[in-house]
>>> print(open('upload_21.txt').read())   # compact mmCIF, C-alpha atoms
# COMPACT_ATOMS: atom_id res chain seq x y z
CA MET A 848 47.55 -123.43 -35.87
CA SER A 849 48.26 -126.90 -37.25
CA ARG A 850 50.19 -129.40 -35.18
CA CYS A 851 52.62 -131.97 -36.56
CA ILE A 852 52.26 -134.38 -33.62
CA ASP A 853 49.24 -136.64 -33.31
CA VAL A 854 48.97 -139.15 -30.45
CA HIS A 855 47.01 -142.29 -31.20
CA ILE A 856 46.86 -146.01 -30.59
CA PHE A 857 48.81 -148.26 -32.91
CA GLY A 858 49.37 -151.97 -33.32
CA ARG A 859 52.11 -154.18 -34.66
CA TYR A 860 51.60 -156.20 -37.83
CA SER A 861 48.46 -158.30 -37.46
CA SER A 862 50.37 -161.51 -38.17
CA LEU A 863 52.47 -160.90 -35.08
CA THR A 864 49.89 -159.75 -32.56
CA SER A 865 46.59 -157.95 -32.24
CA LYS A 866 47.68 -156.19 -29.07
CA LEU A 867 47.68 -152.41 -29.21
CA ARG A 868 50.28 -150.04 -27.84
CA GLN A 869 50.41 -146.32 -27.65
CA ARG A 870 52.95 -144.35 -29.62
CA VAL A 871 53.52 -140.85 -30.87
CA GLU A 872 53.10 -140.56 -34.63
CA ILE A 873 54.75 -137.65 -36.33
CA MET A 874 52.51 -136.15 -38.96
CA GLY A 875 53.93 -133.68 -41.46
CA CYS A 876 57.19 -133.03 -39.63
CA LYS A 877 60.67 -132.70 -41.11
CA PRO A 878 63.19 -135.58 -40.81
CA ALA A 879 65.11 -133.83 -38.00
CA THR A 880 61.95 -133.69 -35.88
CA ILE A 881 60.94 -137.26 -36.72
CA ALA A 882 64.41 -138.55 -35.81
CA VAL A 883 64.17 -136.98 -32.36
CA GLN A 884 60.48 -137.33 -31.49
CA SER A 885 59.25 -140.58 -33.02
CA GLY A 886 59.12 -143.30 -30.37
CA ALA A 887 59.96 -140.92 -27.50
CA ASN A 888 57.86 -140.48 -24.35
CA ILE A 889 55.84 -143.67 -24.84
CA ASP A 890 56.69 -145.42 -21.55
CA GLU A 891 53.58 -145.37 -19.36
CA GLN A 892 54.98 -147.34 -16.42
CA TYR A 893 57.73 -144.95 -15.33
CA GLY A 894 57.50 -142.07 -17.80
CA CYS A 895 60.89 -142.78 -19.39
CA VAL A 896 61.65 -140.25 -22.12
CA VAL A 897 64.03 -142.78 -23.72
CA PRO A 898 62.51 -146.23 -24.38
CA PRO A 899 63.95 -148.89 -22.04
CA ILE A 900 66.11 -151.80 -23.20
CA TYR A 901 64.19 -155.07 -22.96
CA LEU A 902 66.84 -157.79 -22.70
CA SER A 903 64.48 -160.67 -22.02
CA SER A 904 64.60 -163.41 -24.64
CA THR A 905 61.15 -164.73 -23.76
CA TYR A 906 57.84 -163.50 -22.32
CA ASN A 907 55.25 -165.33 -20.24
CA PHE A 908 51.75 -166.11 -21.43
CA THR A 909 48.89 -164.82 -19.31
CA GLY A 910 47.28 -168.24 -19.67
CA PHE A 911 46.73 -171.19 -21.99
CA ARG A 912 46.53 -169.85 -25.55
CA GLU A 913 46.80 -166.32 -24.19
CA PRO A 914 50.07 -164.80 -25.45
CA ARG A 915 51.04 -161.23 -24.73
CA ALA A 916 52.05 -158.70 -27.38
CA HIS A 917 55.45 -160.45 -27.35
CA ASP A 918 56.27 -164.08 -26.80
CA TYR A 919 59.88 -164.51 -28.04
CA SER A 920 62.40 -161.79 -28.87
CA ARG A 921 63.46 -163.18 -32.23
CA ARG A 922 59.91 -162.48 -33.39
CA GLY A 923 59.35 -159.23 -31.57
CA ASN A 924 61.05 -157.08 -28.95
CA PRO A 925 59.55 -153.86 -27.51
CA GLY A 926 62.72 -151.88 -28.19
CA ARG A 927 62.99 -153.17 -31.74
CA ASP A 928 59.33 -152.30 -32.27
CA VAL A 929 60.15 -148.69 -31.43
CA VAL A 930 63.17 -148.33 -33.72
CA GLN A 931 61.32 -150.07 -36.58
CA GLN A 932 58.49 -147.56 -36.23
CA VAL A 933 60.98 -144.69 -36.22
CA LEU A 934 62.57 -146.04 -39.41
CA ALA A 935 59.17 -146.35 -41.06
CA ASP A 936 58.30 -142.80 -40.00
CA LEU A 937 61.57 -141.42 -41.37
CA GLU A 938 61.13 -143.07 -44.78
CA GLY A 939 57.35 -142.58 -44.93
CA GLY A 940 56.67 -146.32 -45.05
CA ALA A 941 53.96 -148.58 -43.70
CA GLY A 942 56.36 -150.73 -41.68
CA ALA A 943 59.99 -151.68 -41.21
CA VAL A 944 62.07 -154.68 -40.21
CA MET A 945 65.42 -154.30 -38.45
CA THR A 946 67.96 -157.02 -39.19
CA GLY A 947 71.35 -158.03 -37.81
CA SER A 948 73.32 -156.41 -40.66
CA GLY A 949 72.90 -154.59 -43.93
CA MET A 950 73.75 -157.75 -45.84
CA SER A 951 71.15 -159.77 -43.92
CA ALA A 952 68.62 -157.14 -44.99
CA ILE A 953 69.67 -157.60 -48.63
CA HIS A 954 69.50 -161.38 -48.23
CA LEU A 955 66.05 -161.12 -46.61
CA LEU A 956 64.78 -159.17 -49.61
CA CYS A 957 65.93 -161.88 -51.98
CA THR A 958 64.52 -164.64 -49.75
CA VAL A 959 61.09 -163.03 -49.63
CA PHE A 960 60.70 -161.86 -53.21
CA LEU A 961 62.82 -164.22 -55.35
CA GLN A 962 62.53 -167.93 -56.08
CA PRO A 963 64.64 -170.20 -58.33
CA GLY A 964 64.25 -169.00 -61.90
CA ASP A 965 63.22 -165.46 -60.90
CA LEU A 966 65.34 -162.57 -62.16
CA LEU A 967 66.98 -159.79 -60.15
CA VAL A 968 68.26 -156.68 -61.94
CA ALA A 969 71.05 -154.98 -60.01
CA PRO A 970 73.48 -152.13 -60.75
CA HIS A 971 76.77 -153.17 -62.32
CA ASP A 972 78.56 -150.88 -59.87
CA CYS A 973 76.69 -151.80 -56.69
CA TYR A 974 78.28 -152.31 -53.28
CA GLY A 975 80.83 -155.13 -53.41
CA GLY A 976 79.10 -157.16 -50.70
CA SER A 977 75.80 -157.02 -52.56
CA TYR A 978 77.52 -158.01 -55.79
CA ARG A 979 79.21 -160.97 -54.08
CA LEU A 980 75.92 -162.18 -52.56
CA PHE A 981 73.95 -161.92 -55.79
CA ASP A 982 76.69 -163.53 -57.84
CA SER A 983 77.29 -166.44 -55.45
CA LEU A 984 73.63 -167.27 -54.90
CA SER A 985 72.79 -167.02 -58.59
CA ARG A 986 75.58 -169.53 -59.27
CA ARG A 987 73.86 -171.89 -56.82
CA GLY A 988 70.54 -171.48 -58.61
CA ALA A 989 68.74 -169.46 -55.93
CA TYR A 990 67.71 -166.93 -58.58
CA LYS A 991 69.09 -165.27 -61.70
CA VAL A 992 70.80 -161.87 -61.74
CA ILE A 993 71.68 -159.32 -64.40
CA PHE A 994 74.15 -156.57 -63.53
CA VAL A 995 73.44 -153.56 -65.71
CA ASP A 996 74.47 -149.94 -66.05
CA GLN A 997 71.16 -148.39 -65.03
CA ALA A 998 72.18 -145.05 -66.49
CA ASP A 999 72.29 -146.74 -69.92
CA ASP A 1000 68.65 -146.51 -70.98
CA SER A 1001 68.96 -149.13 -73.70
CA ALA A 1002 70.69 -151.67 -71.46
CA LEU A 1003 68.20 -151.05 -68.67
CA LYS A 1004 65.19 -151.57 -70.93
CA GLN A 1005 66.71 -154.75 -72.36
CA ALA A 1006 67.10 -156.11 -68.82
CA LEU A 1007 63.55 -155.12 -67.85
CA ALA A 1008 62.21 -156.78 -70.99
CA GLN A 1009 63.23 -160.10 -69.38
CA LYS A 1010 60.50 -159.55 -66.74
CA PRO A 1011 62.48 -159.39 -63.49
CA LYS A 1012 60.73 -159.87 -60.16
CA LEU A 1013 62.96 -157.42 -58.30
CA VAL A 1014 64.98 -154.36 -59.34
CA LEU A 1015 67.64 -152.98 -57.01
CA ILE A 1016 68.56 -149.31 -57.37
CA GLU A 1017 71.62 -147.87 -55.65
CA THR A 1018 71.91 -144.11 -55.96
CA PRO A 1019 74.37 -142.59 -55.28
CA SER A 1020 76.26 -145.74 -56.15
CA ASN A 1021 79.04 -147.21 -54.07
CA PRO A 1022 81.84 -146.22 -54.72
CA LEU A 1023 81.57 -144.07 -57.88
CA LEU A 1024 78.68 -141.89 -56.71
CA ARG A 1025 76.73 -142.44 -59.93
CA ILE A 1026 73.20 -141.02 -59.87
CA VAL A 1027 70.21 -142.62 -61.56
CA ASP A 1028 66.64 -141.38 -61.83
CA ILE A 1029 64.66 -143.26 -59.19
CA ARG A 1030 61.23 -142.16 -60.38
CA TYR A 1031 61.99 -143.08 -64.00
CA ILE A 1032 63.40 -146.52 -63.21
CA CYS A 1033 60.58 -147.33 -60.78
CA GLY A 1034 58.06 -146.45 -63.49
CA LEU A 1035 59.74 -148.74 -66.00
CA ALA A 1036 60.02 -151.53 -63.43
CA GLN A 1037 56.35 -151.24 -62.52
CA GLU A 1038 55.39 -151.57 -66.19
CA ALA A 1039 57.53 -154.74 -66.30
CA GLY A 1040 55.76 -156.14 -63.24
CA ALA A 1041 58.77 -155.86 -60.91
CA LEU A 1042 59.11 -154.60 -57.36
CA THR A 1043 61.70 -151.89 -56.81
CA VAL A 1044 64.02 -151.51 -53.85
CA VAL A 1045 66.35 -148.56 -53.32
CA ASP A 1046 69.49 -148.79 -51.23
CA ASN A 1047 69.35 -145.44 -49.41
CA THR A 1048 72.40 -146.02 -47.21
CA PHE A 1049 74.55 -143.23 -48.68
CA LEU A 1050 72.03 -140.42 -48.22
CA SER A 1051 69.65 -141.53 -45.43
CA PRO A 1052 66.06 -140.24 -45.23
CA VAL A 1053 67.45 -136.80 -44.39
CA LEU A 1054 68.55 -136.28 -47.99
CA GLN A 1055 66.45 -138.71 -50.08
CA LYS A 1056 63.00 -140.34 -49.77
CA PRO A 1057 62.78 -143.18 -52.34
CA LEU A 1058 59.25 -144.26 -51.40
CA ASP A 1059 58.01 -140.79 -52.36
CA LEU A 1060 59.72 -141.28 -55.73
CA GLY A 1061 57.88 -144.51 -56.54
CA ALA A 1062 59.96 -147.23 -54.89
CA ASP A 1063 58.22 -150.16 -53.18
CA LEU A 1064 60.97 -150.82 -50.64
CA VAL A 1065 63.98 -149.09 -49.11
CA VAL A 1066 66.98 -150.91 -47.66
CA HIS A 1067 69.67 -149.55 -45.33
CA SER A 1068 72.88 -150.66 -43.78
CA CYS A 1069 72.00 -149.06 -40.45
CA THR A 1070 75.65 -149.54 -39.51
CA LYS A 1071 76.35 -146.40 -41.51
CA TYR A 1072 74.61 -143.01 -41.25
CA LEU A 1073 71.53 -144.12 -39.32
CA ASN A 1074 73.67 -145.21 -36.37
CA GLY A 1075 76.57 -142.91 -37.14
CA HIS A 1076 79.05 -143.98 -34.46
CA SER A 1077 80.74 -147.09 -35.89
CA ASP A 1078 79.73 -149.23 -32.91
CA LEU A 1079 76.84 -151.24 -34.36
CA ILE A 1080 76.14 -153.71 -37.17
CA ALA A 1081 72.50 -153.63 -38.31
CA GLY A 1082 70.27 -153.38 -41.35
CA ALA A 1083 66.69 -152.44 -42.15
CA ILE A 1084 64.04 -152.74 -44.84
CA ILE A 1085 61.16 -150.28 -45.03
CA ALA A 1086 58.08 -151.12 -47.09
CA LYS A 1087 55.50 -148.82 -48.61
CA ASP A 1088 52.75 -151.46 -48.53
CA PRO A 1089 51.62 -152.99 -45.21
CA ALA A 1090 51.34 -156.44 -46.82
CA LEU A 1091 54.98 -156.32 -47.93
CA ALA A 1092 56.02 -155.22 -44.44
CA GLU A 1093 54.09 -158.13 -42.97
CA ASP A 1094 55.78 -160.63 -45.32
CA LEU A 1095 59.19 -159.25 -44.44
CA ALA A 1096 58.49 -159.47 -40.70
CA TRP A 1097 57.29 -163.07 -41.00
CA TRP A 1098 60.33 -164.18 -42.98
CA ALA A 1099 62.76 -162.24 -40.78
CA ASN A 1100 61.50 -164.22 -37.80
CA ASN A 1101 61.39 -167.43 -39.82
CA ILE A 1102 65.06 -167.32 -40.85
CA GLY A 1103 66.25 -165.57 -37.70
CA VAL A 1104 67.81 -162.37 -39.01
CA THR A 1105 66.10 -159.87 -36.70
CA GLY A 1106 68.12 -157.35 -34.69
CA GLY A 1107 68.85 -157.72 -30.99
CA ALA A 1108 67.61 -155.65 -28.06
CA PHE A 1109 70.82 -153.76 -27.30
CA ASP A 1110 71.47 -153.12 -31.00
CA SER A 1111 67.96 -151.65 -31.22
CA TYR A 1112 68.81 -149.28 -28.39
CA LEU A 1113 72.10 -148.22 -29.99
CA LEU A 1114 70.45 -147.65 -33.37
CA LEU A 1115 67.68 -145.52 -31.86
CA ARG A 1116 70.23 -143.47 -29.94
CA GLY A 1117 72.18 -142.87 -33.14
CA ILE A 1118 69.09 -141.87 -35.11
CA ARG A 1119 68.32 -139.08 -32.64
CA THR A 1120 71.26 -137.04 -34.00
CA LEU A 1121 70.94 -138.20 -37.62
CA SER A 1122 70.01 -134.88 -39.19
CA ALA A 1123 72.61 -132.85 -37.30
CA ARG A 1124 75.38 -135.30 -38.21
CA VAL A 1125 74.47 -135.70 -41.87
CA LEU A 1126 74.17 -131.98 -42.52
CA LEU A 1127 77.54 -131.23 -40.90
CA GLN A 1128 79.21 -134.11 -42.74
CA GLN A 1129 77.71 -132.89 -46.00
CA SER A 1130 78.99 -129.37 -45.36
CA ASN A 1131 82.51 -130.73 -44.74
CA ALA A 1132 82.31 -132.88 -47.87
CA GLY A 1133 81.50 -129.87 -50.02
CA VAL A 1134 84.55 -128.02 -48.70
CA ILE A 1135 86.80 -131.05 -49.26
CA ALA A 1136 85.43 -131.63 -52.77
CA ALA A 1137 86.26 -128.03 -53.67
CA TYR A 1138 89.80 -128.55 -52.34
CA LEU A 1139 90.26 -131.81 -54.28
CA GLN A 1140 89.14 -130.09 -57.48
CA ARG A 1141 92.22 -127.86 -57.20
CA GLN A 1142 94.61 -130.68 -56.26
CA PRO A 1143 96.82 -131.70 -59.23
CA ALA A 1144 97.44 -135.17 -57.75
CA VAL A 1145 93.72 -135.98 -58.15
CA LYS A 1146 93.23 -137.56 -61.57
CA LYS A 1147 89.44 -137.82 -61.33
CA LEU A 1148 86.93 -136.71 -58.69
CA TYR A 1149 83.49 -138.22 -58.07
CA TYR A 1150 81.01 -136.08 -56.10
CA PRO A 1151 77.41 -135.34 -57.20
CA GLY A 1152 77.57 -131.85 -55.71
CA LEU A 1153 79.92 -130.75 -58.48
CA LYS A 1154 78.15 -129.08 -61.38
CA ASP A 1155 80.14 -131.09 -63.92
CA HIS A 1156 79.13 -134.41 -62.35
CA PRO A 1157 76.99 -136.34 -64.89
CA GLY A 1158 74.25 -136.95 -62.33
CA HIS A 1159 74.19 -133.47 -60.81
CA GLY A 1160 70.92 -132.47 -62.47
CA ILE A 1161 69.07 -135.63 -61.41
CA ALA A 1162 70.46 -135.29 -57.89
CA LEU A 1163 68.99 -131.79 -57.68
CA GLN A 1164 65.58 -133.21 -58.57
CA GLN A 1165 65.41 -136.18 -56.20
CA GLN A 1166 67.76 -135.31 -53.34
CA THR A 1167 67.73 -132.49 -50.81
CA GLY A 1168 71.53 -132.58 -50.57
CA PHE A 1169 74.59 -134.26 -52.04
CA GLY A 1170 75.75 -136.26 -49.05
CA ALA A 1171 79.15 -136.76 -47.46
CA MET A 1172 80.65 -139.50 -49.61
CA LEU A 1173 83.17 -138.81 -52.35
CA SER A 1174 85.75 -140.77 -54.32
CA PHE A 1175 88.82 -139.83 -56.30
CA GLU A 1176 91.56 -141.43 -58.34
CA LEU A 1177 95.08 -140.70 -57.17
CA ASN A 1178 97.52 -139.76 -59.90
CA GLY A 1179 100.42 -142.08 -59.07
CA ASP A 1180 101.63 -145.66 -58.82
CA GLU A 1181 101.16 -148.14 -55.96
CA GLN A 1182 104.10 -146.74 -54.01
CA ALA A 1183 102.56 -143.25 -54.17
CA MET A 1184 99.30 -144.77 -52.94
CA ARG A 1185 101.11 -146.37 -50.01
CA ARG A 1186 102.87 -143.11 -49.12
CA PHE A 1187 99.60 -141.18 -49.33
CA LEU A 1188 97.65 -143.54 -47.07
CA SER A 1189 100.50 -143.90 -44.57
CA ALA A 1190 100.78 -140.13 -44.15
CA LEU A 1191 97.13 -139.61 -43.19
CA LYS A 1192 96.53 -138.92 -39.50
CA LEU A 1193 92.87 -137.87 -39.30
CA PHE A 1194 91.47 -140.09 -42.06
CA THR A 1195 91.46 -143.69 -40.85
CA LEU A 1196 92.17 -146.42 -43.40
CA ALA A 1197 89.12 -148.61 -42.80
CA GLU A 1198 86.01 -149.96 -44.45
CA SER A 1199 82.50 -148.74 -43.65
CA LEU A 1200 81.18 -145.19 -43.76
CA GLY A 1201 78.76 -142.75 -42.20
CA GLY A 1202 80.38 -142.49 -38.79
CA VAL A 1203 81.33 -139.24 -37.06
CA GLU A 1204 84.99 -139.97 -37.85
CA SER A 1205 86.45 -139.57 -41.34
CA LEU A 1206 87.42 -142.80 -43.09
CA ILE A 1207 89.24 -143.61 -46.31
CA SER A 1208 89.32 -146.92 -48.15
CA HIS A 1209 91.06 -148.39 -51.18
CA THR A 1210 88.09 -149.77 -53.07
CA ALA A 1211 89.73 -152.52 -55.12
CA THR A 1212 91.41 -154.21 -52.14
CA MET A 1213 88.81 -153.47 -49.46
CA THR A 1214 85.08 -152.91 -50.00
CA HIS A 1215 85.01 -154.37 -53.52
CA ALA A 1216 87.67 -157.05 -53.20
CA GLY A 1217 84.88 -159.63 -53.58
CA MET A 1218 84.38 -158.56 -57.20
CA SER A 1219 86.64 -159.97 -59.88
CA ALA A 1220 89.10 -157.65 -61.58
CA ALA A 1221 87.02 -157.92 -64.74
CA ALA A 1222 83.81 -156.97 -62.90
CA ARG A 1223 85.53 -154.00 -61.26
CA ALA A 1224 86.85 -152.87 -64.64
CA GLN A 1225 83.39 -153.10 -66.15
CA ALA A 1226 82.02 -151.00 -63.29
CA GLY A 1227 84.78 -148.41 -63.76
CA ILE A 1228 86.54 -149.15 -60.45
CA THR A 1229 90.28 -148.69 -60.93
CA ASP A 1230 93.17 -149.59 -58.65
CA ALA A 1231 93.78 -145.87 -58.16
CA LEU A 1232 90.33 -145.25 -56.64
CA LEU A 1233 89.99 -144.08 -53.04
CA ARG A 1234 86.66 -143.57 -51.27
CA ILE A 1235 86.21 -141.04 -48.48
CA SER A 1236 83.52 -140.95 -45.82
CA VAL A 1237 83.68 -137.42 -44.43
CA GLY A 1238 83.13 -137.05 -40.69
CA ILE A 1239 82.24 -134.17 -38.41
CA GLU A 1240 85.77 -132.97 -37.66
CA ASP A 1241 86.79 -129.43 -38.55
CA SER A 1242 86.98 -129.25 -42.34
CA GLN A 1243 90.22 -127.24 -42.35
CA ASP A 1244 91.95 -129.85 -40.20
CA LEU A 1245 90.82 -132.54 -42.66
CA ILE A 1246 92.12 -130.54 -45.62
CA ALA A 1247 95.48 -130.02 -43.87
CA ASP A 1248 95.68 -133.79 -43.34
CA LEU A 1249 95.00 -134.44 -47.02
CA GLU A 1250 97.50 -131.79 -48.08
CA ASN A 1251 100.23 -133.43 -46.00
CA ALA A 1252 99.38 -136.84 -47.52
CA PHE A 1253 99.50 -135.50 -51.08
CA GLN A 1254 102.92 -134.03 -50.37
CA ALA A 1255 104.08 -137.39 -49.00
CA ALA A 1256 102.75 -139.19 -52.09
CA ALA A 1257 104.77 -136.87 -54.33
CA THR A 1258 108.01 -137.46 -52.41
CA ARG A 1259 110.24 -140.11 -53.99
>>> encode(input="upload_21.txt", output="C-alpha cells")
Amino acid sequence: MSRCIDVHIFGRYSSLTSKLRQRVEIMGCKPATIAVQSGANIDEQYGCVVPPIYLSSTYNFTGFREPRAHDYSRRGNPGRDVVQQVLADLEGGAGAVMTGSGMSAIHLLCTVFLQPGDLLVAPHDCYGGSYRLFDSLSRRGAYKVIFVDQADDSALKQALAQKPKLVLIETPSNPLLRIVDIRYICGLAQEAGALTVVDNTFLSPVLQKPLDLGADLVVHSCTKYLNGHSDLIAGAIIAKDPALAEDLAWWANNIGVTGGAFDSYLLLRGIRTLSARVLLQQSNAGVIAAYLQRQPAVKKLYYPGLKDHPGHGIALQQQTGFGAMLSFELNGDEQAMRRFLSALKLFTLAESLGGVESLISHTATMTHAGMSAAARAQAGITDALLRISVGIEDSQDLIADLENAFQAAATR
C-alpha cells in the first residue's frame, strides 16, 4: 500500500544557510491533509506536536565565522521556516516567502522582477490596493503598467505584444468575480517572455492550484482564507522554481518585509483548519447565491457557481470549487443602501474577507476607494455594488439577516 508521507532531511535556501533540518514532507496528499500534517511533529528536543514560537530576534554564533542555521530573525526564523514550507507544500511550489502583509508581498514581487522601464500587465479590475500601488509607483517611474481586461483576447494580446516582464492574473477577480483562463494566459505570457503570478487569495490552494496550471508564482494575502480568523496581517509568495524562491527570500530580507515570529505561529494555526473552513464557507455561499437569485432587490449577481456566470465553464476546468465570495448590485438609491447596511446584524460592514465571520463591504467607498471613479467605471464597479465574504455561520440565519435588510431597504 502506498504512503503519502515521506520523512526526509531538508535544507533552507542555499543562500541563507547550508544547515539541514528534519521535516515531514507530504507526498501525494490532498490539501486538507497537507494543511494539517505539513510541519507538524518536527520538534526533536521536546517532541512538540505544534512547532514552538521562537521570539528571539538574534542567534549566537558557535564561533568566529561559524553561524548557526539562523543568525537574525529578519532573515530567518524557525517558525517562519515551518509556515513557509507548509505554504510551498500546499501550492506545490519549490519555496515560499512570508511577508508582513499581502501588499508587501505584491510590492516584493515588483521589487524583485521589475526595473525602471519594465512593463507590468495587470487586470483592469484587480484589487484596489494592488491598483493603487501599481498606479502610484508607475507614476514615479519605478516601472510601467498596463491595466487590461484579460478576458478580452485582443486587448490581452496587444498588451503582451509590448513584451512585459511580469503578468499578474487575479481570478476570481476582486470584487466582480470575473474568471480568466490561467493556463491560456500563462502560455501567452511565456511566449512573450514574461513571468506570470496568480493572486490566489480568493480561492486558496484548497480550490485552485495555479502552479499546476502554468504559473511561475502565486501570491496570497494570508490575512484572508489562509489565516481565516481576522486576527493577522500577512502575505506570501510561492515560487515554482527554486531560483525564484531564493531571489525572493534574499530581497525580502534585504528590504525587511519578512513576517514576524508570532504572526508565523498564528498563520500556521489558521492553516490547520483551512480546508474545513473553506468548504463550509463555500457551501454557505452557494445557498446564499441561490437566495439572492430570487431576490427582486438584487439588480445583478456575481458568483462563478451560477451556470449563467460568463466564467462558469472556465471555473469548472481550473477550480475544484467556486469559493465563498460573491457580489451583487442593490436595486435602489444611496438611502436604500444605507437602510440595507444598517439593518444587517450578522453581516459586519468591514473590509477584508476570508474570516469565519461573514462580512459585507461597499466596494466603491471601501476596498476600491483608492481607484478613481473613471477607473472603477472602466472596471465595471458601480456605486451600487456590495461584496460579501461568507462565513461559517448557519446559512439560514444569514439568509434571514439578508431578508430583514432587504425589507428595511424597501421601506421609505
>>> atom_distance(input="upload_21.txt", atom1="CA of Ala1041 in chain A", atom2="CA of Thr1167 in chain A")
27.0 Å
>>> closest_residue(input="upload_21.txt", among="A:Ala1211, A:Val1044, A:Phe1049, A:Phe1109", to="Ala1224 in chain A", atoms="only C-alpha atoms")
A:Ala1211
>>> closest_residue(input="upload_21.txt", among="A:Gln1129, A:Gln1009, A:Ser903, A:Gln1165", to="Gly926 in chain A", atoms="all atoms listed in the file")
A:Ser903
>>> atom_distance(input="upload_21.txt", atom1="CA of Met1213 in chain A", atom2="CA of Glu1176 in chain A")
15.2 Å
>>> closest_residue(input="upload_21.txt", among="A:Gln1128, A:Thr1048, A:Thr1070, A:Asn1251", to="Gly1106 in chain A", atoms="only C-alpha atoms")
A:Thr1070
>>> atom_distance(input="upload_21.txt", atom1="CA of Ser1051 in chain A", atom2="CA of Gly886 in chain A")
18.5 Å
>>> residues_around(input="upload_21.txt", residues="range 1131-1135 of chain A", least_positions_apart="6", cutoff="7 Å", atoms="all atoms listed in the file", output="NGL selection string")
:A and (1171 or 1237 or 1242 or 1246)
>>> closest_residue(input="upload_21.txt", among="A:Tyr919, A:Arg986, A:Leu956, A:Leu1091", to="Val1014 in chain A", atoms="all atoms listed in the file")
A:Leu956
>>> closest_residue(input="upload_21.txt", among="A:Ser948, A:Thr1018, A:Thr1229, A:Gln931", to="Gln997 in chain A", atoms="all atoms listed in the file")
A:Thr1018
>>> closest_atom_pairs(input="upload_21.txt", of="range 990-1086 of chain A", to="range 1215-1221 of chain A", cutoff="12 Å", atoms="all atoms listed in the file", output="Markdown table")
| residue | atom | partner | partner_atom | distance |
| --- | --- | --- | --- | --- |
| A:Asn1021 | CA | A:His1215 | CA | 9.3 |
| A:Pro1022 | CA | A:His1215 | CA | 8.8 |
| A:Leu1023 | CA | A:His1215 | CA | 11.7 |
>>> closest_residue(input="upload_21.txt", among="A:Pro898, A:Gly1117, A:Gly939, A:Pro1019", to="Tyr974 in chain A", atoms="all atoms listed in the file")
A:Pro1019
>>> residues_around(input="upload_21.txt", residues="Leu1095 in chain A", least_positions_apart="5", cutoff="10 Å", atoms="only C-alpha atoms", output="list in words")
Gly942, Ala943, Val944, Met945, Ala952, Leu955, Leu956, Thr958, Val959, Phe960, Ile1084, Ile1085, Ala1086, Pro1089, Ala1090, Asn1100 and Asn1101 of chain A
>>> residues_around(input="upload_21.txt", residues="Thr1258 in chain A", least_positions_apart="2", cutoff="10 Å", atoms="only C-alpha atoms", output="ChimeraX atom specification")
/A:1183,1186-1187,1252-1256
>>> decode(input="upload_21.txt", residues="range 925-946 of chain A", atoms="C-alpha atoms", output="PDB file, in the first residue's frame")
ATOM      1  CA  PRO A 925      12.469  28.683  12.735  1.00  0.00           C
ATOM      2  CA  GLY A 926       8.715  29.218  12.997  1.00  0.00           C
ATOM      3  CA  ARG A 927       8.575  31.176   9.751  1.00  0.00           C
ATOM      4  CA  ASP A 928      10.600  28.416   8.088  1.00  0.00           C
ATOM      5  CA  VAL A 929       7.861  25.957   9.008  1.00  0.00           C
ATOM      6  CA  VAL A 930       4.917  28.010   7.760  1.00  0.00           C
ATOM      7  CA  GLN A 931       6.772  28.877   4.533  1.00  0.00           C
ATOM      8  CA  GLN A 932       7.323  25.175   3.897  1.00  0.00           C
ATOM      9  CA  VAL A 933       3.652  24.466   4.574  1.00  0.00           C
ATOM     10  CA  LEU A 934       2.658  27.176   2.084  1.00  0.00           C
ATOM     11  CA  ALA A 935       5.004  25.728  -0.528  1.00  0.00           C
ATOM     12  CA  ASP A 936       3.600  22.247   0.086  1.00  0.00           C
ATOM     13  CA  LEU A 937       0.011  23.464  -0.253  1.00  0.00           C
ATOM     14  CA  GLU A 938       0.649  25.231  -3.569  1.00  0.00           C
ATOM     15  CA  GLY A 939       3.092  22.622  -4.898  1.00  0.00           C
ATOM     16  CA  GLY A 940       5.966  25.106  -5.086  1.00  0.00           C
ATOM     17  CA  ALA A 941       9.703  24.904  -4.562  1.00  0.00           C
ATOM     18  CA  GLY A 942       9.745  27.547  -1.829  1.00  0.00           C
ATOM     19  CA  ALA A 943       7.784  30.353  -0.228  1.00  0.00           C
ATOM     20  CA  VAL A 944       8.391  33.677   1.478  1.00  0.00           C
ATOM     21  CA  MET A 945       6.062  35.006   4.170  1.00  0.00           C
ATOM     22  CA  THR A 946       5.766  38.781   4.352  1.00  0.00           C
TER      23      THR A 946
END
